[in-house]
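Here is the structure we will look at, set down as structure tokens.
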Amino acid sequence: MNIDSTTDERFDDIGENHIATSEETPLRENAFDLSDEEKIIKIRENVSEIMETLGLDLTDDSLKGTPNRVAKMFVNEIFSGLHPNRKPKSSTFDNKYKYGEMLVEKNITLYSTCEHHLLPIVGRAHVAYISNGTVVGLSKMNRIVDYFAKRPQVQERLNIQIVRELQKVLNTEDVACVIDAKHLCVNSRGIRDIESSTVTAEYGGKFKEEATRREFLNFIKLDTKF
């Protein structure tokens, strides 16, 4: 497919400025026609071609296993959150002890991948909700963050996806998520600013009210240096 230079520059501008184009992860309708094993084989071949194009010698003992390792890593690890079958099952329970205050799970370790350069995003997510009668296990909040992080991402979209999923699981709008993360596409290339991090937030329901939002932010005491 031929792309004219004007269109190509526009795509570059979107990627260089880390602009998201949709709330949902862009996936083709036939995204899961291939099995994981078939995807690993195809990716292995493509990685080999990239490495050979760069001039690397794939007969070297240190490099010969790299294409297969990268392919398995893509499918089974860093992009495993693309497959809906891997979404964590989030069992809920009745809030029998009538806890009606905010519940906050902070400092959830987050590893994701920037969809514009396929470089790591590393940081922490802070998630909160106010129960309307149901609660979810604490570890499930970590697993939801991890599931949506394990795909090519834009940080703003990741915020939204985490909040939307918890709203659905808990049947309440009163969910919030703040993410503070370093993007290696900023830290290690381009501007190469190793100190900066990006903070994004998504607030739903009562968290849109200033007092509730301030209480949440006081709980997490966000320190953007890590």
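By convention in this document, the chains of the structure tokens carry letters A, B, ... by their order, each chain's residues are numbered from 1, and ligands are numbered from 1 in the order they are shown.
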Taking only residues of stretch 169-192 of chain A that have an atom at most 10 Å from an atom of stretch 147-158 of chain A, what is each one's shortest atom pair and its distance in Å to one decimal, using only C-alpha atoms, in chain and number order, as JSON lines?
{"residue": "A:Cys177", "atom": "CA", "partner": "A:Leu158", "partner_atom": "CA", "distance": 9.6}
{"residue": "A:Val178", "atom": "CA", "partner": "A:Glu156", "partner_atom": "CA", "distance": 9.8}
{"residue": "A:Ile179", "atom": "CA", "partner": "A:Gln155", "partner_atom": "CA", "distance": 7.8}
{"residue": "A:Asp180", "atom": "CA", "partner": "A:Gln155", "partner_atom": "CA", "distance": 9.2}
{"residue": "A:Ala181", "atom": "CA", "partner": "A:Gln155", "partner_atom": "CA", "distance": 8.4}
{"residue": "A:His183", "atom": "CA", "partner": "A:Gln155", "partner_atom": "CA", "distance": 9.4}
### Query
Running DSSP on the backbone, which parts of stretch 17-221 of chain A land in strand (DSSP E or B), as a count of residues only?
47
### Query
Which residues, written as an MDAnalysis selection string, have at least one atom at most 9 Å from A:Val186, with only C-alpha atoms counted and residues fewer than 5 positions away on the same chain left out?
chainID A and resid 191:194 196:197
Taking only residues of stretch 82-108 of chain A that have an atom at most 9 Å from an atom of stretch 134-142 of chain A, what is each one's shortest atom pair and its distance in Å to one decimal, using only C-alpha atoms, in chain and number order, as JSON lines?
{"residue": "A:Pro88", "atom": "CA", "partner": "A:Lys140", "partner_atom": "CA", "distance": 7.3}
{"residue": "A:Lys89", "atom": "CA", "partner": "A:Lys140", "partner_atom": "CA", "distance": 8.0}
{"residue": "A:Ser90", "atom": "CA", "partner": "A:Lys140", "partner_atom": "CA", "distance": 6.0}
{"residue": "A:Ser91", "atom": "CA", "partner": "A:Val136", "partner_atom": "CA", "distance": 6.4}
{"residue": "A:Thr92", "atom": "CA", "partner": "A:Val136", "partner_atom": "CA", "distance": 4.7}
{"residue": "A:Phe93", "atom": "CA", "partner": "A:Val135", "partner_atom": "CA", "distance": 5.3}
{"residue": "A:Asp94", "atom": "CA", "partner": "A:Thr134", "partner_atom": "CA", "distance": 4.6}
{"residue": "A:Asn95", "atom": "CA", "partner": "A:Thr134", "partner_atom": "CA", "distance": 5.0}
{"residue": "A:Lys96", "atom": "CA", "partner": "A:Thr134", "partner_atom": "CA", "distance": 8.5}
{"residue": "A:Glu105", "atom": "CA", "partner": "A:Leu138", "partner_atom": "CA", "distance": 7.3}
{"residue": "A:Ile108", "atom": "CA", "partner": "A:Asn142", "partner_atom": "CA", "distance": 6.3}
### Summary
Using only C-alpha atoms, the best pick from A:Val75, A:Leu118, A:Ala201, A:Val70 as closest to A:Lys39 would be A:Val75
Write out as a compact mmCIF listing (two decimals) with N, CA and C atoms, in the first residue's frame which residues come within 6 Å of stretch 202-217 of chain A when counting only C-alpha atoms, dropping same-chain ones fewer than 2 positions away.
# COMPACT_ATOMS: atom_id res chain seq x y z
N ASN A 159 -5.80 4.09 31.36
CA ASN A 159 -6.60 4.63 32.46
C ASN A 159 -8.09 4.33 32.26
N GLU A 173 -20.47 3.48 39.15
CA GLU A 173 -19.68 4.48 38.43
C GLU A 173 -18.54 5.02 39.29
N ASP A 174 -18.56 4.71 40.60
CA ASP A 174 -17.64 5.35 41.54
C ASP A 174 -16.29 4.66 41.57
N VAL A 175 -15.54 4.82 40.49
CA VAL A 175 -14.23 4.21 40.35
C VAL A 175 -13.25 5.27 39.84
N ALA A 176 -12.01 5.20 40.30
CA ALA A 176 -10.98 6.14 39.85
C ALA A 176 -9.66 5.42 39.65
N CYS A 177 -8.85 5.95 38.76
CA CYS A 177 -7.51 5.40 38.54
C CYS A 177 -6.56 6.53 38.16
N PHE A 219 -4.94 10.11 49.83
CA PHE A 219 -4.62 8.72 50.17
C PHE A 219 -3.34 8.26 49.47
N ILE A 220 -3.24 8.57 48.19
CA ILE A 220 -2.10 8.02 47.45
C ILE A 220 -0.85 8.88 47.58
N LYS A 221 -1.03 10.16 48.02
CA LYS A 221 0.12 11.04 48.23
C LYS A 221 1.12 10.90 47.08
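Using only C-alpha atoms, the shortest contact distance between A:Thr21 and any of A:Arg189, A:Glu115, A:Lys98, A:Gln167 is found at A:Glu115.
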